[in-house]
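A.B. asks: Got a structure for you, coords-v1.cif, holding mmCIF, C-alpha atoms (C1' of nucleotides).
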data_protein
#
loop_
_atom_site.label_atom_id
_atom_site.label_comp_id
_atom_site.auth_asym_id
_atom_site.auth_seq_id
_atom_site.Cartn_x
_atom_site.Cartn_y
_atom_site.Cartn_z
CA MET A 1 -24.44 19.67 108.26
CA ARG A 2 -27.08 18.91 105.71
CA THR A 3 -27.58 20.66 102.41
CA SER A 4 -30.33 23.02 103.47
CA GLU A 5 -28.54 24.02 106.64
CA VAL A 6 -25.43 24.97 104.74
CA ALA A 7 -27.46 26.81 102.13
CA ALA A 8 -29.34 28.78 104.77
CA ALA A 9 -26.18 29.57 106.72
CA ALA A 10 -24.41 30.80 103.62
CA GLY A 11 -27.45 32.58 102.28
CA VAL A 12 -27.69 30.73 99.00
CA ASN A 13 -30.06 28.40 97.27
CA VAL A 14 -29.75 24.65 97.78
CA GLN A 15 -29.26 24.17 94.04
CA THR A 16 -26.30 26.50 94.15
CA LEU A 17 -24.41 24.09 96.38
CA ARG A 18 -24.77 21.34 93.84
CA TYR A 19 -23.82 23.71 91.08
CA TYR A 20 -20.63 24.70 92.89
CA GLU A 21 -19.88 21.07 93.58
CA ARG A 22 -20.18 20.30 89.85
CA ARG A 23 -17.95 23.28 89.07
CA GLY A 24 -15.38 21.99 91.54
CA LEU A 25 -15.54 25.06 93.76
CA LEU A 26 -16.87 23.10 96.68
CA PRO A 27 -15.14 19.87 97.68
CA VAL A 28 -17.27 16.75 97.24
CA PRO A 29 -18.79 16.20 100.68
CA GLU A 30 -19.13 12.95 102.59
CA ARG A 31 -22.42 11.12 102.25
CA SER A 32 -24.64 9.58 104.86
CA LYS A 33 -25.50 5.92 104.33
CA SER A 34 -28.73 7.00 102.64
CA GLY A 35 -26.84 9.19 100.23
CA TYR A 36 -27.39 12.60 101.84
CA ARG A 37 -24.53 15.08 101.60
CA ALA A 38 -22.84 15.81 104.95
CA TYR A 39 -20.91 19.07 104.85
CA ASP A 40 -18.30 20.29 107.28
CA THR A 41 -18.59 23.84 108.57
CA GLN A 42 -15.78 24.98 106.30
CA ALA A 43 -18.20 24.65 103.40
CA VAL A 44 -20.17 27.64 104.64
CA ARG A 45 -17.07 29.79 104.73
CA THR A 46 -16.10 28.70 101.26
CA ILE A 47 -19.47 29.63 99.83
CA ARG A 48 -19.44 32.99 101.52
CA PHE A 49 -16.02 33.62 100.14
CA VAL A 50 -17.19 32.75 96.65
CA LYS A 51 -20.15 35.12 96.93
CA HIS A 52 -18.00 37.87 98.25
CA ALA A 53 -15.37 37.47 95.57
CA GLN A 54 -18.06 37.58 92.92
CA GLN A 55 -19.17 40.96 94.17
CA LEU A 56 -15.60 42.11 93.72
CA GLY A 57 -15.80 41.22 90.06
CA PHE A 58 -14.20 37.79 89.95
CA SER A 59 -15.61 35.05 87.77
CA LEU A 60 -16.12 31.57 89.19
CA GLU A 61 -13.08 30.45 87.25
CA GLN A 62 -10.93 33.13 88.83
CA ILE A 63 -12.40 32.30 92.21
CA ASP A 64 -11.32 28.74 91.66
CA THR A 65 -7.69 29.82 91.60
CA LEU A 66 -8.25 32.06 94.61
CA LEU A 67 -9.55 29.03 96.47
CA THR A 68 -6.46 27.12 95.45
CA LEU A 69 -4.36 29.90 96.91
CA ALA A 70 -6.47 30.03 100.05
CA ALA A 71 -5.61 26.37 100.55
CA GLY A 72 -1.91 27.19 100.39
CA GLY A 73 -1.46 27.25 96.64
CA PRO A 74 0.36 24.76 94.45
CA ASP A 75 2.83 22.41 96.09
CA GLY A 76 5.96 24.00 94.67
CA CYS A 77 6.96 27.25 96.33
CA ASP A 78 7.87 28.82 93.01
CA ASP A 79 4.52 27.97 91.50
CA ALA A 80 2.66 29.23 94.51
CA THR A 81 4.61 32.46 94.58
CA ALA A 82 4.13 33.03 90.89
CA LEU A 83 0.38 32.52 91.06
CA ALA A 84 0.00 34.64 94.16
CA THR A 85 2.17 37.40 92.78
CA GLU A 86 0.12 37.52 89.62
CA LYS A 87 -3.08 37.78 91.63
CA ILE A 88 -1.56 40.47 93.83
CA ALA A 89 -0.74 42.57 90.78
CA HIS A 90 -4.26 42.03 89.54
CA LEU A 91 -5.68 43.17 92.87
CA GLU A 92 -3.49 46.24 92.96
CA THR A 93 -4.72 47.35 89.58
CA LYS A 94 -8.29 47.02 90.77
CA ILE A 95 -7.52 48.87 93.96
CA ALA A 96 -5.89 51.70 92.03
CA ASP A 97 -8.84 51.96 89.68
CA LEU A 98 -11.39 52.01 92.45
CA THR A 99 -9.39 54.53 94.41
CA ALA A 100 -9.20 56.81 91.39
CA MET A 101 -12.95 56.50 90.93
CA ARG A 102 -13.54 57.29 94.56
CA ASN A 103 -11.37 60.38 94.33
CA SER A 104 -13.28 61.56 91.30
CA LEU A 105 -16.55 61.21 93.12
CA ARG A 106 -15.17 63.10 96.09
CA GLN A 107 -14.23 65.87 93.73
CA LEU A 108 -17.73 65.85 92.37
CA VAL A 109 -19.16 66.22 95.84
CA GLU A 110 -16.87 69.15 96.50
CA THR A 111 -17.91 70.96 93.34
CA CYS A 112 -21.52 70.01 93.76
CA ASP A 113 -22.78 73.46 94.61
CA ARG A 114 -22.06 74.62 91.09
CA SER A 115 -24.49 74.22 88.22
CA ARG A 116 -24.41 70.75 86.78
CA ASP A 117 -22.15 71.41 83.84
CA GLN A 118 -19.72 73.34 86.01
CA ARG A 119 -19.24 70.44 88.37
CA CYS A 120 -16.00 68.60 88.23
CA CYS A 121 -16.16 64.88 87.69
CA THR A 122 -13.15 63.09 86.31
CA LEU A 123 -14.58 59.58 86.47
CA PHE A 124 -13.63 58.92 82.87
CA ASP A 125 -10.05 60.03 83.27
CA ALA A 126 -9.89 58.15 86.54
CA VAL A 127 -10.09 54.88 84.77
CA GLU A 128 -8.19 55.72 81.63
CA ILE A 129 -4.85 56.08 83.32
CA THR A 130 -4.57 52.32 83.57
CA GLU A 131 -5.62 51.73 79.96
CA GLN A 132 -3.18 50.27 77.55
CA THR A 133 -4.29 48.88 74.23
CA GLY A 134 -1.62 48.01 71.71
CA ASP A 135 -3.03 49.79 68.66
CA ASP A 136 -3.25 53.54 68.66
CA ASP A 137 -4.13 54.22 65.04
CA HIS A 138 -7.77 54.91 65.80
CA GLU A 139 -7.71 58.48 64.54
CA ARG A 140 -8.42 58.67 60.85
CA PRO A 141 -8.64 55.01 59.96
CA PRO A 142 -7.86 54.01 56.36
CA ARG A 143 -11.43 54.67 55.10
CA ARG A 144 -12.57 51.33 53.82
CA HIS A 145 -10.31 48.37 54.12
CA PRO A 146 -7.82 47.97 51.31
CA ARG A 147 -9.65 45.33 49.41
CA PRO A 148 -7.92 41.92 49.37
CA ASN A 149 -6.47 40.78 45.97
CA MET B 1 -17.25 58.64 63.45
CA ARG B 2 -19.08 55.69 62.05
CA THR B 3 -20.16 52.60 63.95
CA SER B 4 -17.30 50.34 63.01
CA GLU B 5 -14.70 52.99 63.71
CA VAL B 6 -16.02 53.53 67.19
CA ALA B 7 -16.26 49.82 67.79
CA ALA B 8 -12.68 49.26 66.66
CA ALA B 9 -11.36 52.20 68.66
CA ALA B 10 -13.10 51.02 71.81
CA GLY B 11 -12.27 47.38 71.22
CA VAL B 12 -15.82 46.07 71.16
CA ASN B 13 -18.17 44.46 68.72
CA VAL B 14 -20.39 46.62 66.53
CA GLN B 15 -23.48 44.97 67.98
CA THR B 16 -22.37 45.98 71.43
CA LEU B 17 -22.76 49.64 70.53
CA ARG B 18 -26.35 49.11 69.57
CA TYR B 19 -26.92 47.05 72.68
CA TYR B 20 -25.58 49.86 74.86
CA GLU B 21 -27.68 52.33 72.98
CA ARG B 22 -30.81 50.26 73.67
CA ARG B 23 -29.79 50.00 77.33
CA GLY B 24 -29.41 53.76 77.48
CA LEU B 25 -25.73 53.63 78.37
CA LEU B 26 -24.70 55.33 75.18
CA PRO B 27 -26.49 58.51 74.11
CA VAL B 28 -28.48 58.17 70.91
CA PRO B 29 -26.10 59.45 68.22
CA GLU B 30 -26.86 61.77 65.34
CA ARG B 31 -27.72 60.17 62.06
CA SER B 32 -26.49 60.93 58.58
CA LYS B 33 -29.23 61.64 56.04
CA SER B 34 -29.08 58.01 54.97
CA GLY B 35 -29.59 56.85 58.53
CA TYR B 36 -26.05 55.96 59.52
CA ARG B 37 -25.07 56.63 63.12
CA ALA B 38 -22.52 59.43 63.51
CA TYR B 39 -20.78 59.25 66.87
CA ASP B 40 -18.71 61.92 68.54
CA THR B 41 -15.36 60.95 69.99
CA GLN B 42 -16.76 60.99 73.50
CA ALA B 43 -18.60 57.77 72.66
CA VAL B 44 -15.31 55.88 72.58
CA ARG B 45 -14.43 57.10 76.05
CA THR B 46 -17.83 56.16 77.35
CA ILE B 47 -17.56 52.62 76.04
CA ARG B 48 -14.10 52.19 77.45
CA PHE B 49 -15.35 53.40 80.77
CA VAL B 50 -18.19 50.90 80.69
CA LYS B 51 -15.83 48.05 79.90
CA HIS B 52 -13.45 49.09 82.59
CA ALA B 53 -16.15 49.44 85.21
CA GLN B 54 -17.44 45.98 84.35
CA GLN B 55 -14.06 44.51 85.12
CA LEU B 56 -14.31 46.14 88.50
CA GLY B 57 -17.47 44.24 89.20
CA PHE B 58 -20.17 46.73 88.31
CA SER B 59 -23.29 45.66 86.45
CA LEU B 60 -24.51 47.70 83.51
CA GLU B 61 -27.25 49.07 85.71
CA GLN B 62 -24.73 50.30 88.27
CA ILE B 63 -22.60 51.68 85.49
CA ASP B 64 -25.60 53.62 84.32
CA THR B 65 -25.64 55.57 87.57
CA LEU B 66 -21.88 56.00 87.41
CA LEU B 67 -22.33 57.57 83.99
CA THR B 68 -24.97 59.86 85.42
CA LEU B 69 -22.47 60.94 88.04
CA ALA B 70 -19.73 61.35 85.46
CA ALA B 71 -22.01 63.82 83.70
CA GLY B 72 -22.30 65.83 86.89
CA GLY B 73 -25.02 63.88 88.65
CA PRO B 74 -28.64 64.87 89.23
CA ASP B 75 -29.52 68.57 88.97
CA GLY B 76 -30.11 69.10 92.69
CA CYS B 77 -26.95 69.33 94.73
CA ASP B 78 -28.42 67.27 97.54
CA ASP B 79 -29.42 64.48 95.20
CA ALA B 80 -26.02 64.52 93.51
CA THR B 81 -24.19 64.47 96.82
CA ALA B 82 -26.34 61.66 98.16
CA LEU B 83 -25.81 59.48 95.13
CA ALA B 84 -22.10 60.17 94.99
CA THR B 85 -21.66 59.57 98.70
CA GLU B 86 -23.43 56.26 98.46
CA LYS B 87 -21.18 55.19 95.60
CA ILE B 88 -18.11 56.37 97.49
CA ALA B 89 -19.03 54.16 100.43
CA HIS B 90 -19.59 51.28 98.08
CA LEU B 91 -16.18 51.83 96.51
CA GLU B 92 -14.48 52.03 99.87
CA THR B 93 -15.89 48.68 100.88
CA LYS B 94 -14.57 47.15 97.72
CA ILE B 95 -11.20 48.77 98.20
CA ALA B 96 -11.00 47.47 101.75
CA ASP B 97 -11.93 43.95 100.66
CA LEU B 98 -9.42 43.89 97.85
CA THR B 99 -6.72 45.30 100.08
CA ALA B 100 -7.38 42.62 102.67
CA MET B 101 -7.17 39.97 99.98
CA ARG B 102 -3.94 41.39 98.70
CA ASN B 103 -2.45 41.36 102.18
CA SER B 104 -3.45 37.74 102.61
CA LEU B 105 -1.72 36.80 99.43
CA ARG B 106 1.40 38.67 100.47
CA GLN B 107 1.39 36.68 103.67
CA LEU B 108 1.09 33.53 101.63
CA VAL B 109 4.10 34.49 99.56
CA GLU B 110 6.08 35.14 102.72
CA THR B 111 5.27 31.77 104.23
CA CYS B 112 5.64 30.02 100.92
CA ASP B 113 8.82 28.17 101.78
CA ARG B 114 6.94 26.04 104.28
CA SER B 115 5.10 22.86 103.35
CA ARG B 116 1.71 23.59 101.84
CA ASP B 117 -0.40 23.07 104.93
CA GLN B 118 1.98 25.16 107.03
CA ARG B 119 1.62 28.15 104.78
CA CYS B 120 -0.36 31.05 106.04
CA CYS B 121 -3.21 32.24 103.88
CA THR B 122 -6.00 34.20 105.45
CA LEU B 123 -7.95 34.87 102.27
CA PHE B 124 -11.15 33.64 103.87
CA ASP B 125 -10.84 35.82 106.94
CA ALA B 126 -9.80 38.71 104.72
CA VAL B 127 -13.22 38.92 103.29
CA GLU B 128 -15.27 37.97 106.31
CA ILE B 129 -14.50 41.09 108.28
CA THR B 130 -16.88 43.07 106.13
CA GLU B 131 -19.66 40.47 106.34
CA GLN B 132 -22.89 41.35 107.96
CA THR B 133 -25.98 39.23 107.53
CA GLY B 134 -28.94 39.97 109.75
CA ASP B 135 -29.67 36.44 110.96
CA ASP B 136 -27.06 34.71 113.05
CA ASP B 137 -28.96 31.65 114.24
CA HIS B 138 -27.23 29.34 111.83
CA GLU B 139 -25.70 27.14 114.50
CA ARG B 140 -27.96 24.25 115.41
CA PRO B 141 -31.08 25.11 113.49
CA PRO B 142 -34.42 23.88 114.88
CA ARG B 143 -34.24 20.47 113.15
CA ARG B 144 -37.23 20.49 110.85
CA HIS B 145 -39.37 23.51 110.56
CA PRO B 146 -42.16 23.71 113.11
CA ARG B 147 -44.94 22.34 111.00
CA PRO B 148 -47.72 24.80 110.15
CA ASN B 149 -51.12 24.08 111.82
"C1'" DC C 1 -23.19 50.91 36.98
"C1'" DT C 2 -21.32 47.17 39.22
"C1'" DT C 3 -19.12 45.34 43.15
"C1'" DG C 4 -17.47 45.00 47.71
"C1'" DA C 5 -17.29 46.99 52.08
"C1'" DC C 6 -20.02 49.11 54.78
"C1'" DT C 7 -24.74 50.42 57.26
"C1'" DC C 8 -29.48 49.54 58.92
"C1'" DT C 9 -33.42 46.86 61.71
"C1'" DG C 10 -34.98 42.74 63.61
"C1'" DT C 11 -34.65 38.42 65.60
"C1'" DA C 12 -32.28 34.36 67.18
"C1'" DC C 13 -28.78 32.47 69.62
"C1'" DC C 14 -24.79 31.89 73.08
"C1'" DG C 15 -21.98 31.46 77.73
"C1'" DT C 16 -22.14 32.35 82.62
"C1'" DG C 17 -24.19 31.73 86.83
"C1'" DG C 18 -27.61 30.13 88.73
"C1'" DT C 19 -33.03 28.38 89.77
"C1'" DA C 20 -37.02 25.55 89.33
"C1'" DC C 21 -39.35 21.47 88.68
"C1'" DC C 22 -39.99 16.42 88.51
"C1'" DG C 23 -40.39 11.86 90.17
"C1'" DG C 24 -38.71 9.42 93.60
"C1'" DG C 25 -36.55 8.01 98.26
"C1'" DT C 26 -35.69 9.19 103.53
"C1'" DT C 27 -36.49 10.78 108.11
"C1'" DT C 28 -39.04 11.76 112.19
"C1'" DA C 29 -42.89 13.86 115.03
"C1'" DG C 30 -47.36 12.53 116.13
"C1'" DC D 1 -48.09 4.13 109.85
"C1'" DT D 2 -48.65 8.50 108.00
"C1'" DA D 3 -47.57 12.92 106.55
"C1'" DA D 4 -44.64 16.94 106.46
"C1'" DA D 5 -40.35 18.21 105.57
"C1'" DC D 6 -36.41 16.99 103.97
"C1'" DC D 7 -32.86 14.67 100.37
"C1'" DC D 8 -31.50 12.76 95.61
"C1'" DG D 9 -30.24 13.10 90.44
"C1'" DG D 10 -31.71 14.87 86.01
"C1'" DT D 11 -33.32 18.15 83.10
"C1'" DA D 12 -35.33 22.49 81.79
"C1'" DC D 13 -35.49 27.04 82.29
"C1'" DC D 14 -34.09 31.98 83.55
"C1'" DA D 15 -31.55 36.76 83.39
"C1'" DC D 16 -27.60 39.22 82.02
"C1'" DG D 17 -24.48 40.70 78.71
"C1'" DG D 18 -23.59 40.22 74.64
"C1'" DT D 19 -22.95 38.07 69.50
"C1'" DA D 20 -24.52 36.33 65.04
"C1'" DC D 21 -27.33 36.11 61.14
"C1'" DA D 22 -30.78 37.57 57.65
"C1'" DG D 23 -32.48 40.70 54.41
"C1'" DA D 24 -32.21 45.15 52.72
"C1'" DG D 25 -30.16 49.73 51.78
"C1'" DT D 26 -25.77 52.99 51.06
"C1'" DC D 27 -21.43 54.51 49.31
"C1'" DA D 28 -17.18 54.92 46.58
"C1'" DA D 29 -13.49 52.90 43.61
"C1'" DG D 30 -12.89 50.81 39.14
#
Take the structure from the file and write it as structure tokens.
C.D. replies:
Amino acid sequence: MRTSEVAAAAGVNVQTLRYYERRGLLPVPERSKSGYRAYDTQAVRTIRFVKHAQQLGFSLEQIDTLLTLAAGGPDGCDDATALATEKIAHLETKIADLTAMRNSLRQLVETCDRSRDQRCCTLFDAVEITEQTGDDDHERPPRRHPRPN
Amino acid sequence: MRTSEVAAAAGVNVQTLRYYERRGLLPVPERSKSGYRAYDTQAVRTIRFVKHAQQLGFSLEQIDTLLTLAAGGPDGCDDATALATEKIAHLETKIADLTAMRNSLRQLVETCDRSRDQRCCTLFDAVEITEQTGDDDHERPPRRHPRPN
DNA sequence: CTTGACTCTGTACCGTGGTACCGGGTTTAG
DNA sequence: CTAAACCCGGTACCACGGTACAGAGTCAAG
């Protein structure tokens, strides 16, 4: 397949293919004798996967490791398991957050017949349950930093 | 609360507060007589919510409508329900995608003791099930566009 | 009343993820 | 052989989501 065919099939711009190739997301394709890129059909699937993963909130760098995993992961079983397990945990957090948000919105719909400020929408709480920052001395901070020296 | 307190409590840069204010994500705060912003504690929660939602793959524009919903949604019950229902559908798609990805990775972990190319990782398929593009004439395109005229 | 940490507005810049344009070469129907 | 439609590499530019810097004002401890 030629560049523009792949781009059209995957629904992206031609330039994007080259960009992904530079970023290492797309394997360097074969070339025709005149220097044209010749992609295999897998390329289309890869690009679609990238686009999809982006919509789920992954950066291209994160997607890079997902692609590694999609190809079977690192050689060593321990390495592969570790990487996959980490990503699984990551996914489960996201799933939990989104589920909590969805439940909040359902609640809103149920209480929708009330006046606006009587409606029940716990979107904020929904997402706070998974928060953990280390420092919790935000209340009453030390009013002006103790000057150095 | 003053600007820097809010920023520290929410874990963002001071400039980010002003940026969000310009974008309309953060309500315009009261001002002290000398012109300093005086935030209520809700501001911290709002910012944390924004940050969290970003990690889940929402743009600031999308987050804007989520904030509207968090505040009870549009006045009319029908409008509020419609908007919330749309977002719920959106969330469920994401949840399904992430769940499929997670299952693929679990499968990978299970087949991890095999050699790399024998491992089973269906990450690509995981995400394709929810694909729907309108045009499906990607196979064998008409070799050169029919020239105009 | 000075000094250092803070605040303000405004504008310029940055990283990520692309997109567009340029000058040139290639392919193929007519 | 020509012309339309494609391909190439290189570079410049764009939008989004911030982040930094400049110049000026405010506030409280010493």
A.B. asks: Counting all atoms listed in the file, what is within 9 Å of range 7-12 of chain C, bar same-chain residues fewer than 6 positions away, as a list in words?
C.D. replies: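 Near neighbours after the sequence-gap exclusion: Thr3, Gly35, Tyr36 and Arg37 of chain B; DA20, DC21, DA22, DA24, DG25 and DT26 of chain D.
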A.B. asks: On this structure, which residues satisfy the PyMOL selection byres ((chain A and resi 6-10) around 8), written as a ChimeraX atom specification?
C.D. replies: /A:1-5,11-14,17,39,41,43-45,47-48 /B:138
A.B. asks: Taking the file as shown, find all residues satisfying the PyMOL selection byres ((chain D and resi 3) around 10) and write them as a ChimeraX atom specification.
C.D. replies: /C:29-30 /D:1-2,4-5
A.B. asks: Rounded to one decimal, what separation in Å do you get between CA of Pro27 in chain A and CA of Thr46 in chain A?
C.D. replies: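 Separation between CA of Pro27 in chain A and CA of Thr46 in chain A: 9.6 Å.
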A.B. asks: Using the chain letters and numbering of this document, enumerate as a list in words the residues selected by the PyMOL selection byres ((chain A) within 6 of (chain B)).
C.D. replies: Ala9, Leu56, Gly57, Ala70, Gly72, Asp75, Cys77, Thr81, Ala84, Ile88, Ile95, Arg102, Leu105, Val109, Cys112, Asp113, Arg116, Arg119, Cys121, Leu123 and His138 of chain A
A.B. asks: Residues of chain C within 10 Å of chain A, using only C-alpha atoms (C1' of nucleotides), as a VMD selection string?
C.D. replies: chain C and resid 4 to 6 16 to 20 25 to 26
A.B. asks: I need the residues from that last selection saved to file as a CSV table (one decimal), in the coordinates of the input (with C-alpha atoms (C1' of nucleotides)), if you can.
C.D. replies:
chain,number,residue,atom,x,y,z
C,4,DG,C1',-17.5,45.0,47.7
C,5,DA,C1',-17.3,47.0,52.1
C,6,DC,C1',-20.0,49.1,54.8
C,16,DT,C1',-22.1,32.4,82.6
C,17,DG,C1',-24.2,31.7,86.8
C,18,DG,C1',-27.6,30.1,88.7
C,19,DT,C1',-33.0,28.4,89.8
C,20,DA,C1',-37.0,25.6,89.3
C,25,DG,C1',-36.6,8.0,98.3
C,26,DT,C1',-35.7,9.2,103.5
A.B. asks: Please tell me which residues are no farther than 10 Å from (-29.4, 11.3, 90.9) in the file, counting only C-alpha atoms (C1' of nucleotides), and write them as an MDAnalysis selection string.
C.D. replies: (chainID A and resid 35) or (chainID C and resid 24) or (chainID D and resid 8:10)
A.B. asks: Grab the CA of Glu61 in chain A to CA of Leu26 in chain A distance for me, in Å with one decimal place.
C.D. replies: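 Separation of CA of Glu61 in chain A and CA of Leu26 in chain A: 12.5 Å.
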A.B. asks: Where does chain D meet chain A within 10 Å, residue by residue, with the nearest atom pair and distance in Å to one decimal for each, counting all atoms listed in the file, listed by chain and rising number, as JSON lines?
C.D. replies:
{"residue": "D:DC6", "atom": "C1'", "partner": "A:Ser4", "partner_atom": "CA", "distance": 8.6}
{"residue": "D:DC7", "atom": "C1'", "partner": "A:Tyr36", "partner_atom": "CA", "distance": 6.0}
{"residue": "D:DC8", "atom": "C1'", "partner": "A:Tyr36", "partner_atom": "CA", "distance": 7.5}
{"residue": "D:DA28", "atom": "C1'", "partner": "A:Arg144", "partner_atom": "CA", "distance": 9.3}
A.B. asks: Is it possible to produce a file of range 21-36 of chain A from this structure, with N, CA, C and O atoms, as a PDB file, in the first residue's frame?
C.D. replies:
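Result file follows (result.pdb):
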ATOM      1  N   GLU A  21       6.241   7.778  11.898  1.00  0.00           N
ATOM      2  CA  GLU A  21       7.448   7.022  11.558  1.00  0.00           C
ATOM      3  C   GLU A  21       8.645   7.636  12.282  1.00  0.00           C
ATOM      4  O   GLU A  21       9.431   6.918  12.898  1.00  0.00           O
ATOM      5  N   ARG A  22       8.752   8.956  12.233  1.00  0.00           N
ATOM      6  CA  ARG A  22       9.838   9.649  12.943  1.00  0.00           C
ATOM      7  C   ARG A  22       9.799   9.359  14.438  1.00  0.00           C
ATOM      8  O   ARG A  22      10.835   9.163  15.069  1.00  0.00           O
ATOM      9  N   ARG A  23       8.564   9.356  14.998  1.00  0.00           N
ATOM     10  CA  ARG A  23       8.417   9.103  16.423  1.00  0.00           C
ATOM     11  C   ARG A  23       8.662   7.643  16.796  1.00  0.00           C
ATOM     12  O   ARG A  23       8.677   7.301  17.969  1.00  0.00           O
ATOM     13  N   GLY A  24       8.750   6.778  15.784  1.00  0.00           N
ATOM     14  CA  GLY A  24       8.980   5.371  16.056  1.00  0.00           C
ATOM     15  C   GLY A  24       7.723   4.590  16.392  1.00  0.00           C
ATOM     16  O   GLY A  24       7.794   3.464  16.863  1.00  0.00           O
ATOM     17  N   LEU A  25       6.560   5.197  16.156  1.00  0.00           N
ATOM     18  CA  LEU A  25       5.316   4.488  16.436  1.00  0.00           C
ATOM     19  C   LEU A  25       4.959   3.536  15.317  1.00  0.00           C
ATOM     20  O   LEU A  25       4.274   2.538  15.526  1.00  0.00           O
ATOM     21  N   LEU A  26       5.410   3.883  14.127  1.00  0.00           N
ATOM     22  CA  LEU A  26       5.088   3.103  12.949  1.00  0.00           C
ATOM     23  C   LEU A  26       6.400   2.530  12.444  1.00  0.00           C
ATOM     24  O   LEU A  26       7.368   3.274  12.275  1.00  0.00           O
ATOM     25  N   PRO A  27       6.467   1.211  12.232  1.00  0.00           N
ATOM     26  CA  PRO A  27       7.732   0.646  11.759  1.00  0.00           C
ATOM     27  C   PRO A  27       8.119   1.236  10.406  1.00  0.00           C
ATOM     28  O   PRO A  27       7.255   1.550   9.595  1.00  0.00           O
ATOM     29  N   VAL A  28       9.415   1.402  10.190  1.00  0.00           N
ATOM     30  CA  VAL A  28       9.904   1.942   8.921  1.00  0.00           C
ATOM     31  C   VAL A  28       9.488   0.999   7.810  1.00  0.00           C
ATOM     32  O   VAL A  28       9.820  -0.187   7.859  1.00  0.00           O
ATOM     33  N   PRO A  29       8.733   1.477   6.841  1.00  0.00           N
ATOM     34  CA  PRO A  29       8.223   0.580   5.797  1.00  0.00           C
ATOM     35  C   PRO A  29       9.278   0.281   4.732  1.00  0.00           C
ATOM     36  O   PRO A  29      10.274   0.986   4.625  1.00  0.00           O
ATOM     37  N   GLU A  30       9.028  -0.767   3.973  1.00  0.00           N
ATOM     38  CA  GLU A  30       9.835  -1.032   2.782  1.00  0.00           C
ATOM     39  C   GLU A  30       9.720   0.145   1.836  1.00  0.00           C
ATOM     40  O   GLU A  30       8.802   0.960   1.955  1.00  0.00           O
ATOM     41  N   ARG A  31      10.648   0.176   0.856  1.00  0.00           N
ATOM     42  CA  ARG A  31      10.573   1.228  -0.152  1.00  0.00           C
ATOM     43  C   ARG A  31      10.571   0.592  -1.526  1.00  0.00           C
ATOM     44  O   ARG A  31      11.264  -0.409  -1.757  1.00  0.00           O
ATOM     45  N   SER A  32       9.838   1.182  -2.430  1.00  0.00           N
ATOM     46  CA  SER A  32       9.913   0.766  -3.829  1.00  0.00           C
ATOM     47  C   SER A  32      11.256   1.237  -4.384  1.00  0.00           C
ATOM     48  O   SER A  32      11.929   2.049  -3.746  1.00  0.00           O
ATOM     49  N   LYS A  33      11.608   0.759  -5.558  1.00  0.00           N
ATOM     50  CA  LYS A  33      12.932   1.125  -6.092  1.00  0.00           C
ATOM     51  C   LYS A  33      13.059   2.627  -6.318  1.00  0.00           C
ATOM     52  O   LYS A  33      14.133   3.191  -6.276  1.00  0.00           O
ATOM     53  N   SER A  34      11.918   3.300  -6.498  1.00  0.00           N
ATOM     54  CA  SER A  34      11.972   4.756  -6.685  1.00  0.00           C
ATOM     55  C   SER A  34      11.894   5.509  -5.366  1.00  0.00           C
ATOM     56  O   SER A  34      11.806   6.729  -5.348  1.00  0.00           O
ATOM     57  N   GLY A  35      11.859   4.769  -4.274  1.00  0.00           N
ATOM     58  CA  GLY A  35      11.906   5.426  -2.982  1.00  0.00           C
ATOM     59  C   GLY A  35      10.554   5.631  -2.323  1.00  0.00           C
ATOM     60  O   GLY A  35      10.479   6.232  -1.251  1.00  0.00           O
ATOM     61  N   TYR A  36       9.487   5.154  -2.936  1.00  0.00           N
ATOM     62  CA  TYR A  36       8.156   5.293  -2.328  1.00  0.00           C
ATOM     63  C   TYR A  36       7.987   4.299  -1.186  1.00  0.00           C
ATOM     64  O   TYR A  36       8.398   3.147  -1.291  1.00  0.00           O
TER      65      TYR A  36
END
